[in-house]
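Since the structure comes first, as structure tokens, the remarks are kept for the end.
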Amino acid sequence: MKPASDKRVVRVAENAVFLSVALILSFVESFLPAAILPLPGFKIGLANLAILSVYYRTERLADAAVISLCRCLITFLLFGNVTSLLFSICGGAMVIGMLSLAGRMRRLSFIGVSVLCAAAHNAGQLLAAVLLTGMAVLAYMPALFAASAFYGTVNGVILNLMPEIITKHK
Amino acid sequence: MAVIRHPSRKLTFSDVFVIVLFLLAAVISACFSLFRDDGTSCIITYGSASETFSLSEDRVISVLSNGHALTVTIKNGAVSVTESDCPDSVCVNSGSVSRPGQAVVCVPAQVTVRVEGSRTDNADAIAGGVS
């Protein structure tokens with residue numbers, strides 16, 4: 001095999017590991033009570049950890065996008081909830097969009113990026129909810145902002161503390 | 001493949017700025033619904049149909065939508081979803097709402113319960129209305 005192919009194979013294999021991690025994190029997260037903050041329906045978004053890690057590790061937005069999409073599809077295949085699929089895809093798409101804008105800012109640490117991505121994810125899900133149930137859902141906006149700030153910070157702190165081997169580009 | 005600049009690993013000033021910004025946004029958008037008069041009626045939307053109920057009399061309403069059954073209770077001028085067979089139970093945990101603009105939503109059932117109207121509006125309607 002030519003060396004260039006080797007690199008690609010390694011990249012695919014590593015991304016696959018992060019994809020598995022993202023799936024496990026989503027699964028574990030579904031068991032945690034939503035009551036740490038009394039905000040209805042907003043989860044911690046641990047899968048974002050994996051997506052962000054993939055983005056910074058490979059420095060390719062496309063990789064992060066593919067991993068995000070695969071996570072949504074596999075979760076759908078495993079648990080079969082179409083509404084969830086729509087919500088995940090909308091949330092994931094917004095995260096990728098946000099990463100393309102804010103992922104490169106040096107002035108932010110992982111905390112800031114994480115808060116912004118959490119907000120993007122929740123905003124995407126809120127948009128999906130509006131599509132499904134109408135404008136009344138916008139009443140959840142304050143909860144959205146507060147939840148993004150809180151859970152994004154939690155995720156960001158975790159990312160900040162992660163050993164460099166995970167998030168550093170090789 | 002563009003080389004991107006990685007974020008730092010320590011809390012920066014911009015981080016705090018972003019967090020504070022979002023918390024402020026939360027507070028500000030919450031003010032819009034918290035500091036208004038109590039609502040007078042609620043609109044329950046299920047699927048493509050909707051019905052309006054007055055908040056002034058206590059009642060219990062059963063809603064069947066999208067394969068799910070919900071129980072909506074109006075009590076003491078506030079409305080809440082008291083029971084639901086949806087997988088999330090987000091709607092049940094949302095508590096009760098009473099001010100215009102506030103809403104309780106059940107996404108699996110495609111049901112929204114939204115509070116409308118305000119006491120002052122009603123007073124004008126009654127005082128100035130021509131039958």
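Ordering of the structure tokens sets the chain letters (A, B, ...), residue numbers begin anew at 1 in every chain, and ligands are numbered from 1 in the order given.
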- Task: At a cut-off of 6 Å, list the chain A residues touching chain B, using only C-alpha atoms, as a ChimeraX atom specification.
- Result: /A:40-41,104,106,108-110,112,133,139,142,145-146,149,160
Take the residues from that selection and write them out as an mmCIF file, in the first residue's frame, keeping all heavy atoms.
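Contents of result.cif, freshly written:
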data_model
loop_
_atom_site.group_PDB
_atom_site.id
_atom_site.type_symbol
_atom_site.label_atom_id
_atom_site.label_comp_id
_atom_site.auth_asym_id
_atom_site.auth_seq_id
_atom_site.Cartn_x
_atom_site.Cartn_y
_atom_site.Cartn_z
ATOM 1 N N PRO A 40 -36.749 21.553 31.095
ATOM 2 C CA PRO A 40 -37.346 20.383 30.446
ATOM 3 C C PRO A 40 -36.672 20.026 29.136
ATOM 4 O O PRO A 40 -36.519 20.855 28.255
ATOM 5 C CB PRO A 40 -38.789 20.830 30.183
ATOM 6 C CG PRO A 40 -38.738 22.310 30.152
ATOM 7 C CD PRO A 40 -37.644 22.713 31.079
ATOM 8 N N GLY A 41 -36.256 18.791 29.037
ATOM 9 C CA GLY A 41 -35.870 18.279 27.729
ATOM 10 C C GLY A 41 -34.468 18.575 27.242
ATOM 11 O O GLY A 41 -34.106 18.164 26.165
ATOM 12 N N ARG A 104 -12.471 27.977 14.830
ATOM 13 C CA ARG A 104 -11.096 28.401 14.616
ATOM 14 C C ARG A 104 -10.672 29.556 15.492
ATOM 15 O O ARG A 104 -9.572 30.051 15.359
ATOM 16 C CB ARG A 104 -10.942 28.820 13.157
ATOM 17 C CG ARG A 104 -10.881 27.635 12.253
ATOM 18 C CD ARG A 104 -10.865 28.084 10.850
ATOM 19 N NE ARG A 104 -12.151 27.859 10.244
ATOM 20 C CZ ARG A 104 -12.418 28.106 8.978
ATOM 21 N NH1 ARG A 104 -11.492 28.624 8.216
ATOM 22 N NH2 ARG A 104 -13.594 27.857 8.496
ATOM 23 N N ARG A 106 -9.082 31.446 18.139
ATOM 24 C CA ARG A 106 -8.074 31.139 19.152
ATOM 25 C C ARG A 106 -8.428 31.783 20.478
ATOM 26 O O ARG A 106 -7.982 31.364 21.524
ATOM 27 C CB ARG A 106 -6.715 31.613 18.681
ATOM 28 C CG ARG A 106 -5.637 31.199 19.656
ATOM 29 C CD ARG A 106 -4.275 31.517 19.143
ATOM 30 N NE ARG A 106 -3.611 30.329 18.655
ATOM 31 C CZ ARG A 106 -2.521 30.371 17.885
ATOM 32 N NH1 ARG A 106 -2.043 31.534 17.505
ATOM 33 N NH2 ARG A 106 -1.949 29.272 17.506
ATOM 34 N N LEU A 108 -11.037 31.725 22.044
ATOM 35 C CA LEU A 108 -11.905 30.924 22.899
ATOM 36 C C LEU A 108 -11.178 29.672 23.336
ATOM 37 O O LEU A 108 -10.346 29.155 22.622
ATOM 38 C CB LEU A 108 -13.154 30.489 22.123
ATOM 39 C CG LEU A 108 -14.152 31.558 21.724
ATOM 40 C CD1 LEU A 108 -15.194 30.935 20.816
ATOM 41 C CD2 LEU A 108 -14.818 32.123 22.947
ATOM 42 N N SER A 109 -11.520 29.187 24.506
ATOM 43 C CA SER A 109 -11.023 27.867 24.863
ATOM 44 C C SER A 109 -12.125 26.879 24.498
ATOM 45 O O SER A 109 -13.158 27.259 23.962
ATOM 46 C CB SER A 109 -10.693 27.774 26.343
ATOM 47 O OG SER A 109 -11.875 27.542 27.070
ATOM 48 N N PHE A 110 -11.906 25.626 24.814
ATOM 49 C CA PHE A 110 -12.924 24.630 24.500
ATOM 50 C C PHE A 110 -14.244 24.958 25.179
ATOM 51 O O PHE A 110 -15.300 24.544 24.720
ATOM 52 C CB PHE A 110 -12.468 23.230 24.923
ATOM 53 C CG PHE A 110 -11.502 22.618 23.969
ATOM 54 C CD1 PHE A 110 -10.185 22.386 24.337
ATOM 55 C CD2 PHE A 110 -11.905 22.289 22.695
ATOM 56 C CE1 PHE A 110 -9.291 21.823 23.442
ATOM 57 C CE2 PHE A 110 -11.014 21.726 21.796
ATOM 58 C CZ PHE A 110 -9.702 21.495 22.168
ATOM 59 N N GLY A 112 -15.698 27.967 25.521
ATOM 60 C CA GLY A 112 -16.485 28.866 24.688
ATOM 61 C C GLY A 112 -17.043 28.158 23.458
ATOM 62 O O GLY A 112 -18.212 28.287 23.124
ATOM 63 N N THR A 133 -44.381 21.387 15.631
ATOM 64 C CA THR A 133 -45.514 21.734 16.481
ATOM 65 C C THR A 133 -45.902 23.197 16.459
ATOM 66 O O THR A 133 -46.807 23.604 17.146
ATOM 67 C CB THR A 133 -45.219 21.366 17.949
ATOM 68 O OG1 THR A 133 -43.955 21.908 18.294
ATOM 69 C CG2 THR A 133 -45.197 19.873 18.142
ATOM 70 N N ALA A 139 -41.395 29.461 23.255
ATOM 71 C CA ALA A 139 -41.415 29.814 24.675
ATOM 72 C C ALA A 139 -40.260 29.173 25.425
ATOM 73 O O ALA A 139 -39.912 29.603 26.515
ATOM 74 C CB ALA A 139 -42.737 29.379 25.291
ATOM 75 N N PRO A 142 -35.693 30.898 26.600
ATOM 76 C CA PRO A 142 -34.830 31.206 27.754
ATOM 77 C C PRO A 142 -34.175 29.959 28.319
ATOM 78 O O PRO A 142 -32.990 29.975 28.652
ATOM 79 C CB PRO A 142 -35.786 31.838 28.772
ATOM 80 C CG PRO A 142 -37.115 31.841 28.173
ATOM 81 C CD PRO A 142 -37.061 31.380 26.790
ATOM 82 N N PHE A 145 -31.163 29.041 26.152
ATOM 83 C CA PHE A 145 -29.943 29.807 26.389
ATOM 84 C C PHE A 145 -29.267 29.379 27.684
ATOM 85 O O PHE A 145 -28.051 29.203 27.748
ATOM 86 C CB PHE A 145 -30.254 31.304 26.469
ATOM 87 C CG PHE A 145 -30.579 31.912 25.141
ATOM 88 C CD1 PHE A 145 -31.746 32.614 24.945
ATOM 89 C CD2 PHE A 145 -29.695 31.785 24.093
ATOM 90 C CE1 PHE A 145 -32.034 33.186 23.712
ATOM 91 C CE2 PHE A 145 -29.977 32.350 22.856
ATOM 92 C CZ PHE A 145 -31.157 33.054 22.671
ATOM 93 N N ALA A 146 -30.079 29.241 28.724
ATOM 94 C CA ALA A 146 -29.492 28.882 30.018
ATOM 95 C C ALA A 146 -28.874 27.485 29.963
ATOM 96 O O ALA A 146 -27.772 27.265 30.459
ATOM 97 C CB ALA A 146 -30.567 28.949 31.105
ATOM 98 N N ALA A 149 -25.615 27.446 28.060
ATOM 99 C CA ALA A 149 -24.517 28.022 28.829
ATOM 100 C C ALA A 149 -24.016 27.009 29.856
ATOM 101 O O ALA A 149 -22.813 26.770 29.982
ATOM 102 C CB ALA A 149 -24.981 29.300 29.532
ATOM 103 N N ASN A 160 -11.368 20.731 27.944
ATOM 104 C CA ASN A 160 -10.155 21.428 28.327
ATOM 105 C C ASN A 160 -9.210 20.509 29.082
ATOM 106 O O ASN A 160 -7.989 20.606 28.973
ATOM 107 C CB ASN A 160 -10.508 22.624 29.231
ATOM 108 C CG ASN A 160 -10.639 23.909 28.435
ATOM 109 O OD1 ASN A 160 -10.387 23.924 27.250
ATOM 110 N ND2 ASN A 160 -11.017 24.976 29.099
#
- Task: Mind checking which residues fall within 10 Å of Leu25 in chain A, counting only C-alpha atoms, ignoring those fewer than 2 positions away in the same chain, and posting them as a ChimeraX atom specification?
- Result: /A:19-23,27-30,45-50
- Item | Residue list (strand (DSSP E), DSSP) for chain B, as a ChimeraX atom specification | /B:41-46,49-54,59-65,68-75,78-84,96-97,103-106,111-116
- Selected residue, from A:Val10, A:Tyr140, A:Phe42, A:Leu52, that lies nearest to Ile166 in chain A when counting only C-alpha atoms: A:Leu52
- Have a look at CA of Gly39 in chain B and CA of Gly117 in chain B and let me know their distance in Å, one decimal.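 Distance between the two atoms: 5.1 Å.
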- Query: If we count only C-alpha atoms, what is near Asn15 in chain A at a cut-off of 10 Å, once residues fewer than 6 positions away on the same chain are taken out, given as an NGL selection string?
  - Reply: :A and (9 or 21 or 50-51 or 53-55 or 57-58 or 63-64 or 66-67)
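Closest approach to Thr40 in chain B from the set B:Thr82, B:Ser62, B:Val97, B:Leu70 is made by B:Val97, with distances taken over only C-alpha atoms.
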- alpha helix (DSSP H) residues, from DSSP on the backbone, in range 71-106 of chain A, as a count of residues only: 30
- Which residues come within 10 Å of Ser100 in chain A, counting only C-alpha atoms, excluding same-chain residues fewer than 3 positions away, as a list in words?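 Contacts, with the query itself left out: Tyr55, Arg60, Leu61, Met94, Val95, Ile96, Gly97, Gly103 and Arg104 of chain A.
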- Message: Report, in Å with one decimal, the straight-line distance from CA of Ala102 in chain A to CA of Ser148 in chain A.
- Response: 15.4 Å
- Query: What gap, in Å, lies between CA of Val157 in chain A and CA of Gln125 in chain A?
  - Reply: 23.3 Å
